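Input: a single structure, listed below in structure tokens.
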Amino acid sequence: MRIAVLPGDGIGPEITAPTLELLARLGDFEVTEHPFGGASIDAHGTALTDETLAACRDSDAVLLAAVGGPRWDTTDPSRPRPEQGLLGLRKALGLYANLRPVRALDALLEASPLRREVVEGTDMLIVRELTGGIYFGEKTRTAEAASDLCTYSVPEIERIARTAFGAARSKVTSVDKANVLETSRLWREVVGRVHAEEFPHIELEHALVDSTAMKLITAPRHFDTILTENMFGDILSDEASVVTGSLGLLPSASIGNPEPAAAGRRAPGLFEPVHGSAPDIAGQGIANPLAMFLSAALMLRHGLGWESEAAAVESAVDAALRDGLRTRDLGGTASTAEATQAVLAHLDKEQT
Ligand code: NAD
Ligand code: IPM
Ligand code: MN
């Protein structure tokens with residue numbers, strides 16, 4: 001199994017090293033690390049080099065920590081940005097489906113700023129369209145004005161709708177802004193048709209993004225699977241992390257075409273935490289590595305088909321939290337190294 005690892009920037013390298021330690025306990029992976037994001041801009045002048053992209057294409061899965069930081073922040077459109085690497089990689093690998101599970105763990109019910117009775121029992125999946133919409137439309141900029149075009153085609157909506165209905169247990173909430181946006185009205189129509197023709201046994205509800213933002217934190221148990229477009233999914237998933245207690249706990253999996261690619265092999269999936277490079281705490285050894293561990297678990301499951309190893313990582317994380325592990329973001333004092341040791345200890349126990 002070949003894994004291309006992209007540590008990136010900020011806390012990225014700090015949470016990557018422990019994750020590789022964890023993976024080494026589970027199998028004999030061929031791991032290669034590649035510059036990406038700001039680190040790649042510094043070394044090569046671009047956030048995603050041809051070499052890094054080729055290494056990702058050649059791998060069975062890509063594991064990414066995070067990119068970005070104040071060092072590369074610029075409002076000048078002609079300067080390179082770390083985030084361009086991430087968007088370019090998602091697009092180049094055709095990773096249109098971003099799965100972001102959000103689960104309230106019993107051990108962490110007190111860690112959420114929301115009341116226990118609100119968050120208890122929350123278990124939802126956010127299915128975010130990842131290669132279309134306003135992120136990838138034409139951009140213009142003059143001295144006087146700027147624009148970002150938002151476009152969605154019928155096939156783009158159909159395929160992500162199928163991902164969501166296929167993953168749902170009982171209900172899909174399709175989130176849009178159909179009272180204002182033309183792309184949302186097309187979205188609603190196409191999702192409705194895919195539902196009626198292919199998934200009539202799953203309940204479908206349509207909801208507007210503004211009131212959904214409110215309901216996500218007042219009644220998170222309402223949701224089973226949320227299906228939404230690129231930018232709404234970006235925003236709603238950070239908001240939903242509040243239910244779990246911290247952004248530092250949320251993993252994600254980005255999956256492409258399940259059909260074999262034209263070249264004869266399936267494009268690798270990309271597995272990364274929902275959070276960013278956390279420049280405010282970078283270099284202090286206090287980042288929460290759990291979102292990255294759980295992203296590695298999603299990689300084992302979705303990317304490599306190693307279900308029992310994935311489940312072992314998830315239950316070691318749960319057990320460590322039940323034992324009282326709390327990093328700073330969860331109101332505790334545990335360092336990245338202590339959090340890692342706590343999870344590895346449970347993993348070792350499970351495996352013996
Ligand atoms: P962020 O997610 O990096 O941080 C938001 C807040 O959450 C910060 O207070 C941070 O300290 C905290 N946090 C995040 N992850 C944590 C962890 N693992 N442990 C403990 N605390 C954690 O968002 P931001 O500050 O708005 O963005 C910083 C940079 O990251 C920007 O350049 C942004 O573009 C980039 N970014 C990258 C990715 C990615 O690479 N996938 C995702 C989001 C943001
Ligand atoms: C995410 C991030 C990225 C996004 C940025 C860094 C481009 O916020 O993965 O959620 O907006 O998709
Ligand atoms: Mn985001």
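Scheme for the structure tokens: letters A, B, ... for chains in order shown; per-chain residue numbers from 1; ligand numbers from 1 in order shown.
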
Q.
What's around range 281-295 of chain A at 9 Å? Count only C-alpha atoms, leave out sequence neighbours fewer than 2 positions away in its own chain, and write the answer as a PyMOL selection string.
A. chain A and resi 9-12+14-16+18-19+22-23+63-65+247-253+271-275+277-279+297-300+310+313-314+317+326-330+333-337+339-340+343

Q: Per DSSP on the backbone, filter range 78-272 of chain A down to the residues in strand (DSSP E or B) and report them as a VMD selection string.
A: chain A and resid 97 to 103 123 to 129 139 to 141 146 to 148 171 to 176 203 to 208 225 to 228 251 to 255 269 to 272

Q | ligand 3 neighbours within 12 Å using only C-alpha atoms and all ligand atoms, as JSON, numbers by chain | A | {"A": [66, 67, 68, 83, 86, 87, 98, 100, 128, 130, 135, 230, 231, 232, 233, 234, 235, 236, 237, 238, 239, 240, 241, 247, 250, 251, 252, 272, 273, 274, 275, 276, 277, 278]}

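Ranking A:Leu105, A:Met214, A:Ile3, A:Leu181 by their shortest atom-to-atom distance to Gly133 in chain A, with only C-alpha atoms included, puts A:Leu181 first.
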
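Distance annotation: of A:Thr140, A:Ser153, A:Thr32, A:Thr228, the residue with the minimal separation from Val175 in chain A is A:Thr228; atom set is only C-alpha atoms.
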
Q: Find the residues near Leu26 in chain A: any atom within 12 Å, counting only C-alpha atoms, skip ones fewer than 5 places away on the same chain, and give them as a ChimeraX atom specification.
A: /A:1,19-21,296-297,300,306-313,344,347-348,350-351

Write a file of the just-selected residues containing N, CA and C atoms, as a PDB file, in the first residue's frame.
```pdb
ATOM      1  N   MET A   1       0.831  -1.199   0.000  1.00  0.00           N
ATOM      2  CA  MET A   1       0.000   0.000   0.000  1.00  0.00           C
ATOM      3  C   MET A   1       0.863   1.246   0.000  1.00  0.00           C
ATOM      4  N   THR A  19       0.726  10.627  13.441  1.00  0.00           N
ATOM      5  CA  THR A  19      -0.183   9.799  12.647  1.00  0.00           C
ATOM      6  C   THR A  19       0.589   8.703  11.917  1.00  0.00           C
ATOM      7  N   LEU A  20       1.797   9.038  11.484  1.00  0.00           N
ATOM      8  CA  LEU A  20       2.618   8.020  10.818  1.00  0.00           C
ATOM      9  C   LEU A  20       3.062   6.965  11.831  1.00  0.00           C
ATOM     10  N   GLU A  21       3.281   7.415  13.070  1.00  0.00           N
ATOM     11  CA  GLU A  21       3.620   6.473  14.135  1.00  0.00           C
ATOM     12  C   GLU A  21       2.459   5.489  14.344  1.00  0.00           C
ATOM     13  N   ALA A 296      -6.956   9.336   9.215  1.00  0.00           N
ATOM     14  CA  ALA A 296      -6.206   8.129   8.833  1.00  0.00           C
ATOM     15  C   ALA A 296      -7.120   6.910   8.897  1.00  0.00           C
ATOM     16  N   ALA A 297      -8.033   6.893   9.884  1.00  0.00           N
ATOM     17  CA  ALA A 297      -8.986   5.780   9.976  1.00  0.00           C
ATOM     18  C   ALA A 297      -9.902   5.761   8.746  1.00  0.00           C
ATOM     19  N   LEU A 300      -7.978   4.286   5.974  1.00  0.00           N
ATOM     20  CA  LEU A 300      -7.892   2.826   6.055  1.00  0.00           C
ATOM     21  C   LEU A 300      -9.192   2.203   5.546  1.00  0.00           C
ATOM     22  N   TRP A 306      -9.463  -1.379   4.629  1.00  0.00           N
ATOM     23  CA  TRP A 306      -9.011  -2.040   5.861  1.00  0.00           C
ATOM     24  C   TRP A 306      -9.972  -1.705   7.001  1.00  0.00           C
ATOM     25  N   GLU A 307     -11.130  -2.331   7.006  1.00  0.00           N
ATOM     26  CA  GLU A 307     -12.176  -1.976   7.962  1.00  0.00           C
ATOM     27  C   GLU A 307     -11.769  -2.237   9.409  1.00  0.00           C
ATOM     28  N   SER A 308     -11.152  -3.382   9.704  1.00  0.00           N
ATOM     29  CA  SER A 308     -10.901  -3.668  11.117  1.00  0.00           C
ATOM     30  C   SER A 308      -9.826  -2.743  11.682  1.00  0.00           C
ATOM     31  N   GLU A 309      -8.843  -2.372  10.874  1.00  0.00           N
ATOM     32  CA  GLU A 309      -7.817  -1.433  11.349  1.00  0.00           C
ATOM     33  C   GLU A 309      -8.429  -0.055  11.563  1.00  0.00           C
ATOM     34  N   ALA A 310      -9.333   0.346  10.657  1.00  0.00           N
ATOM     35  CA  ALA A 310     -10.014   1.642  10.808  1.00  0.00           C
ATOM     36  C   ALA A 310     -10.803   1.665  12.111  1.00  0.00           C
ATOM     37  N   ALA A 311     -11.550   0.603  12.339  1.00  0.00           N
ATOM     38  CA  ALA A 311     -12.364   0.528  13.564  1.00  0.00           C
ATOM     39  C   ALA A 311     -11.476   0.526  14.806  1.00  0.00           C
ATOM     40  N   ALA A 312     -10.301  -0.105  14.711  1.00  0.00           N
ATOM     41  CA  ALA A 312      -9.387  -0.144  15.863  1.00  0.00           C
ATOM     42  C   ALA A 312      -8.906   1.261  16.213  1.00  0.00           C
ATOM     43  N   VAL A 313      -8.593   2.061  15.204  1.00  0.00           N
ATOM     44  CA  VAL A 313      -8.152   3.437  15.468  1.00  0.00           C
ATOM     45  C   VAL A 313      -9.295   4.223  16.110  1.00  0.00           C
ATOM     46  N   LEU A 344      -2.173   5.538  21.342  1.00  0.00           N
ATOM     47  CA  LEU A 344      -1.343   4.374  20.992  1.00  0.00           C
ATOM     48  C   LEU A 344      -1.442   3.293  22.064  1.00  0.00           C
ATOM     49  N   LEU A 347      -4.535   1.439  21.439  1.00  0.00           N
ATOM     50  CA  LEU A 347      -4.412   0.661  20.200  1.00  0.00           C
ATOM     51  C   LEU A 347      -3.603  -0.610  20.472  1.00  0.00           C
ATOM     52  N   ASP A 348      -2.512  -0.465  21.215  1.00  0.00           N
ATOM     53  CA  ASP A 348      -1.674  -1.628  21.536  1.00  0.00           C
ATOM     54  C   ASP A 348      -2.463  -2.644  22.353  1.00  0.00           C
ATOM     55  N   GLU A 350      -5.701  -3.121  22.333  1.00  0.00           N
ATOM     56  CA  GLU A 350      -6.687  -3.791  21.484  1.00  0.00           C
ATOM     57  C   GLU A 350      -6.060  -4.847  20.606  1.00  0.00           C
ATOM     58  N   GLN A 351      -4.815  -4.590  20.227  1.00  0.00           N
ATOM     59  CA  GLN A 351      -4.203  -5.494  19.252  1.00  0.00           C
ATOM     60  C   GLN A 351      -3.536  -6.697  19.884  1.00  0.00           C
TER      61      GLN A 351
END
```
